[in-house]
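Chemist: Pasting a structure here, questions to come.
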Amino acid sequence: MTPPPVFSTVLGRDLRLAARRRVDALLPLAFFAVAVSLFPLGVGPEPNTLRQISPGVLWVCALLAAMLSVTQLYATDQADGSLEQMLLAGGSAFSAGIAVALAKAVSHWLVTGLPLVLIAPLFGVMFDLSGRSIAALCASLALGTPILSLLGNVGAALTLGVRNGSVLLILLIVPLCIPALIFGSGAISAVESGSSARGHFSLLGALFIATGLLAPLATAAALRIAIE
Amino acid sequence: MAMTMRFFTYASPPRFYALAGALIPWFWIAALVLGAAGLWIGFFQAPTDATQGDAYRIIFIHVPAAWMSMVLYLVMAFWAAIGWAFNARLASMVARALAPTGAMFTFCALWSGALWGKPTWGTWWVWDARLTSELILLFLYLGYMALVNAIDDTRRADQAGALLAVIGSVNVPIIYFSVKWWNTLHQGATISATAAPKMVASMLTAMLLMTLACWAYAFAVVFTRTRAIIVEREREAKWLNDGAAA
């Protein structure tokens, strides 16, 4: 009997699990909405100020939402032993680890990243951004949230079964997310100030490709360290 | 004890323990002598700067600390990776011993930079590319230390720390350039820390002496800490309890 393909099996399973616990899956989105809404209350309702800080605010909140939601990615699978079985399912433990890591990153993005991209225009309107800036906001989040999911994956695998893992994960992974934050919010600011955002998008795309290639390897290595 | 010298001779904890114990006093002497000479030249021989007055003299601690902070991170990542790849116990211990010293130098660089910034730039802190990336480097050190301390199993902690240190060292240039572009993209040319005035020979001598003093200090402290880690991890070992390693 040939083993089932690890990637599609894990991805399908995680999406099914998310569909059955809809409230859990929507919590990061709720966190994003609440956190973003705090800024006008803290900074004041002045529209010009809000428009100026909105790219950074939306991006920082998206980053934190991704970091908070990624902590439990492997925890339950490790607790009930299914993670070990997944790693044993493929050819070698390392290649199975890469498949599992990719599947987890994709499912995390589909469950938390994609809804964020879809809801972002609403907050763009609330912060009085122009139509072009809102388009840039969606584009930069569409390119940037996969980077956050991939890097968060590395952190989740590294902090597997560690005391205070969720706080530790933020300390470990947020510094690595800084380039994505800079270019992602920079793209929106560039459009908002009327200059070209092409450079920002190119760099964000380059970051996406680099993380897409390297982060699953790092995650697989971290999973192997955590399991053995 | 007759032993033939090989490349890995001092990769054995007992031998390293003895060697480090013998070397530590010399590194302390070197640190004190070089530091005293560097400070004396820096404070009494080097001329007062034309534009910055005497405030510039903080360079003699600031620049060596900043150099050390970056070099030590790479050294730490190197030894952590060696320890992970070849299962070399001592390399992992050295990597762990390096982290607090690296973090200390990073903090010193930031702190002295703030003290230097106040009289010359008129502000404690600017979100300049160098300052920001140095701050992020401090976070990377803290993350490494937090991770290795949070995992109880030493082997797993060493390996996870090694992976994190390697990821961090790949990211350091990316972070540096992204912060640099971020700064220049947003707010034209602000105060630049790069436009250093041409340096008099005595200033350069003082700075190099202080750098060597920092190196000697780092060796002394890291070796001491490595010895402590060896004692902690090998406390069951026979060589340690025979009294041979006094």
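If you're wondering about the labels, chains in the structure tokens are A, B, ... by order shown, residues count from 1 in each chain, ligands from 1 in order shown.
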For Leu11 of chain A, find every residue with an atom within 7 Å (counting only C-alpha atoms), except residues of its own chain fewer than 2 positions away, and show them as a list in words.
Modeler: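 Surrounding residues, per the criterion: Phe7, Ser8, Thr9, Arg13, Asp14, Leu15, Ala103, Lys104 and Ser107 of chain A.
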Chemist: Within 9 Å of Ala197 of chain A, counting only C-alpha atoms, which residues show up once you throw out same-chain ones fewer than 3 positions away? Write them as a PyMOL selection string, please.
Modeler: chain A and resi 136+186-191+194+200-202
Chemist: Output N, CA and C atoms of each residue in that selection to a file, as a PDB file, in the first residue's frame.
Modeler:
```
ATOM      1  N   ALA A 136      -3.770  48.919  -2.588  1.00  0.00           N
ATOM      2  CA  ALA A 136      -2.392  48.605  -2.189  1.00  0.00           C
ATOM      3  C   ALA A 136      -2.375  47.855  -0.865  1.00  0.00           C
ATOM      4  N   GLY A 186       5.109  50.079   3.925  1.00  0.00           N
ATOM      5  CA  GLY A 186       5.733  51.092   3.064  1.00  0.00           C
ATOM      6  C   GLY A 186       5.017  51.213   1.733  1.00  0.00           C
ATOM      7  N   ALA A 187       4.543  50.075   1.203  1.00  0.00           N
ATOM      8  CA  ALA A 187       3.849  50.117  -0.086  1.00  0.00           C
ATOM      9  C   ALA A 187       2.605  50.993   0.007  1.00  0.00           C
ATOM     10  N   ILE A 188       1.860  50.824   1.110  1.00  0.00           N
ATOM     11  CA  ILE A 188       0.625  51.607   1.255  1.00  0.00           C
ATOM     12  C   ILE A 188       0.962  53.088   1.423  1.00  0.00           C
ATOM     13  N   SER A 189       1.971  53.364   2.250  1.00  0.00           N
ATOM     14  CA  SER A 189       2.351  54.767   2.456  1.00  0.00           C
ATOM     15  C   SER A 189       2.814  55.409   1.154  1.00  0.00           C
ATOM     16  N   ALA A 190       3.530  54.621   0.340  1.00  0.00           N
ATOM     17  CA  ALA A 190       4.017  55.167  -0.925  1.00  0.00           C
ATOM     18  C   ALA A 190       2.846  55.543  -1.822  1.00  0.00           C
ATOM     19  N   VAL A 191       1.860  54.644  -1.922  1.00  0.00           N
ATOM     20  CA  VAL A 191       0.689  54.946  -2.754  1.00  0.00           C
ATOM     21  C   VAL A 191      -0.051  56.146  -2.185  1.00  0.00           C
ATOM     22  N   GLY A 194       1.432  59.268  -3.143  1.00  0.00           N
ATOM     23  CA  GLY A 194       1.439  59.527  -4.568  1.00  0.00           C
ATOM     24  C   GLY A 194       2.668  59.040  -5.310  1.00  0.00           C
ATOM     25  N   HIS A 200       8.547  48.513  -3.335  1.00  0.00           N
ATOM     26  CA  HIS A 200       8.092  47.813  -2.134  1.00  0.00           C
ATOM     27  C   HIS A 200       7.502  46.446  -2.475  1.00  0.00           C
ATOM     28  N   PHE A 201       6.678  46.448  -3.533  1.00  0.00           N
ATOM     29  CA  PHE A 201       6.040  45.176  -3.883  1.00  0.00           C
ATOM     30  C   PHE A 201       7.063  44.169  -4.375  1.00  0.00           C
ATOM     31  N   SER A 202       8.066  44.646  -5.127  1.00  0.00           N
ATOM     32  CA  SER A 202       9.097  43.718  -5.607  1.00  0.00           C
ATOM     33  C   SER A 202       9.828  43.087  -4.434  1.00  0.00           C
TER      34      SER A 202
END
```
Chemist: Have a look at A:Ala142, A:Ala215, A:Leu63, A:Leu122 and name the one nearest to chain B; count only C-alpha atoms.
Modeler: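 Closest to chain B of all the choices is A:Ala215.
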Chemist: From the options B:Leu138, B:Ile82, B:Ile41, B:Ala165, which residue's atoms come nearest to Val200 of chain B, counting only C-alpha atoms?
Modeler: B:Ile41
Chemist: Residues near segment 166-181 of chain B, anyone? I mean within 8 Å using only C-alpha atoms, not counting same-chain ones fewer than 4 positions away, as a PyMOL selection string.
Modeler: (chain A and resi 176+178-179+182-183+218) or (chain B and resi 73-74+77-78+81+128-130+132-133+137+140+162+185)
Chemist: Please return, as a VMD selection string, all residues of segment 86-220 of chain B that DSSP assigns to alpha helix (DSSP H) on the basis of the backbone.
Modeler: chain B and resid 86 89 to 121 129 to 150 154 to 186 201 to 220
Chemist: Any chance you could tabulate, as a Markdown table, the residues of chain A at most 6 Å from chain B with each one's nearest atom pair and distance in Å to one decimal, using only C-alpha atoms, in chain and rising number order?
Modeler:
```
| residue | atom | partner | partner_atom | distance |
| --- | --- | --- | --- | --- |
| A:Val162 | CA | B:Ile151 | CA | 6.0 |
| A:Leu171 | CA | B:Gly143 | CA | 5.7 |
| A:Leu172 | CA | B:Gly143 | CA | 5.0 |
| A:Pro179 | CA | B:Ser178 | CA | 5.5 |
```
Chemist: Would you mind exporting the chosen residues as a PDB file, in the first residue's frame, restricted to C-alpha atoms?
Modeler:
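File produced: out12.pdb:
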```
ATOM      1  CA  VAL A 162       7.935  24.809  25.697  1.00  0.00           C
ATOM      2  CA  LEU A 171       9.964  37.314  20.950  1.00  0.00           C
ATOM      3  CA  LEU A 172      11.608  34.898  18.507  1.00  0.00           C
ATOM      4  CA  PRO A 179      11.358  43.378   6.792  1.00  0.00           C
TER       5      PRO A 179
END
```
Chemist: Separation of atom CA of Asp49 of chain B and atom CA of Ser112 of chain B, in Å?
Modeler: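 These atoms are spaced 17.7 Å apart.
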Chemist: If we count only C-alpha atoms and set the cut-off at 6 Å, which residues sit around segment 26-32 of chain B, ignoring sequence neighbours fewer than 5 positions away in its own chain? Please answer as a PDB file with C-alpha atoms, in the first residue's frame.
Modeler:
```
ATOM      1  CA  ALA B 213      40.621  44.893  25.489  1.00  0.00           C
ATOM      2  CA  ALA B 216      40.286  39.820  25.870  1.00  0.00           C
ATOM      3  CA  TYR B 217      37.433  40.550  28.256  1.00  0.00           C
ATOM      4  CA  ALA B 220      37.908  35.712  29.800  1.00  0.00           C
TER       5      ALA B 220
END
```
Chemist: When you count only C-alpha atoms, which of these residues is closest to Leu213 of chain A: A:Ala135, A:Ile98, A:Leu38, A:Val43?
Modeler: A:Ile98
Chemist: What is the distance between atom CA of Leu23 of chain B and atom CA of Thr226 of chain B, in Å to one decimal?
Modeler: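 Value for the atom CA of Leu23 of chain B-atom CA of Thr226 of chain B distance: 12.8 Å.
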Chemist: If we count only C-alpha atoms and set the cut-off at 8 Å, which residues sit around Leu29 of chain A, ignoring sequence neighbours fewer than 5 positions away in its own chain? Please answer as a ChimeraX atom specification.
Modeler: /A:65,112,115-116
Chemist: For Ile170 of chain A, work out the shell of residues within 9 Å, counting only C-alpha atoms and skipping chain neighbours fewer than 6 positions away, then give it as a list in words.
Modeler: Leu64, Met67, Leu68, Gly152 and Gly155 of chain A
Chemist: I want to know what sits within 7 Å of Ser92 of chain B, based on only C-alpha atoms, with residues of the same chain fewer than 5 positions away left out; could you give that as a ChimeraX atom specification?
Modeler: /B:79-80,83,158
Chemist: Print the selection's residues with N, CA and C atoms to a file, as a PDB file, in the first residue's frame.
Modeler:
```pdb
ATOM      1  N   TRP B  79      29.366  28.473  16.356  1.00  0.00           N
ATOM      2  CA  TRP B  79      29.596  27.363  17.286  1.00  0.00           C
ATOM      3  C   TRP B  79      28.325  26.578  17.537  1.00  0.00           C
ATOM      4  N   ALA B  80      27.184  27.288  17.566  1.00  0.00           N
ATOM      5  CA  ALA B  80      25.927  26.571  17.766  1.00  0.00           C
ATOM      6  C   ALA B  80      25.683  25.619  16.600  1.00  0.00           C
ATOM      7  N   GLY B  83      28.013  22.678  16.848  1.00  0.00           N
ATOM      8  CA  GLY B  83      27.549  21.772  17.889  1.00  0.00           C
ATOM      9  C   GLY B  83      26.360  20.941  17.433  1.00  0.00           C
ATOM     10  N   ASP B 158      19.948  22.985  22.919  1.00  0.00           N
ATOM     11  CA  ASP B 158      21.092  23.382  22.098  1.00  0.00           C
ATOM     12  C   ASP B 158      20.738  23.369  20.617  1.00  0.00           C
TER      13      ASP B 158
END
```
Chemist: Pick out the closest residue to Arg16 of chain A from this set: A:Val174, A:Leu203, A:Val111, A:Phe39. Count only C-alpha atoms.
Modeler: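 So, comparing all the options, the nearest one is A:Val111.
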Chemist: Report the distance between atom CA of Trp239 of chain B and atom CA of Phe16 of chain B in Å, rounded to one decimal place.
Modeler: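 Distance between the two atoms: 12.5 Å.
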Chemist: Pick out the closest residue to His108 of chain A from this set: A:Ser149, A:Ser133, A:Ser82, A:Thr159. Count only C-alpha atoms.
Modeler: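 Using only C-alpha atoms, His108 of chain A sits closest to A:Ser149.
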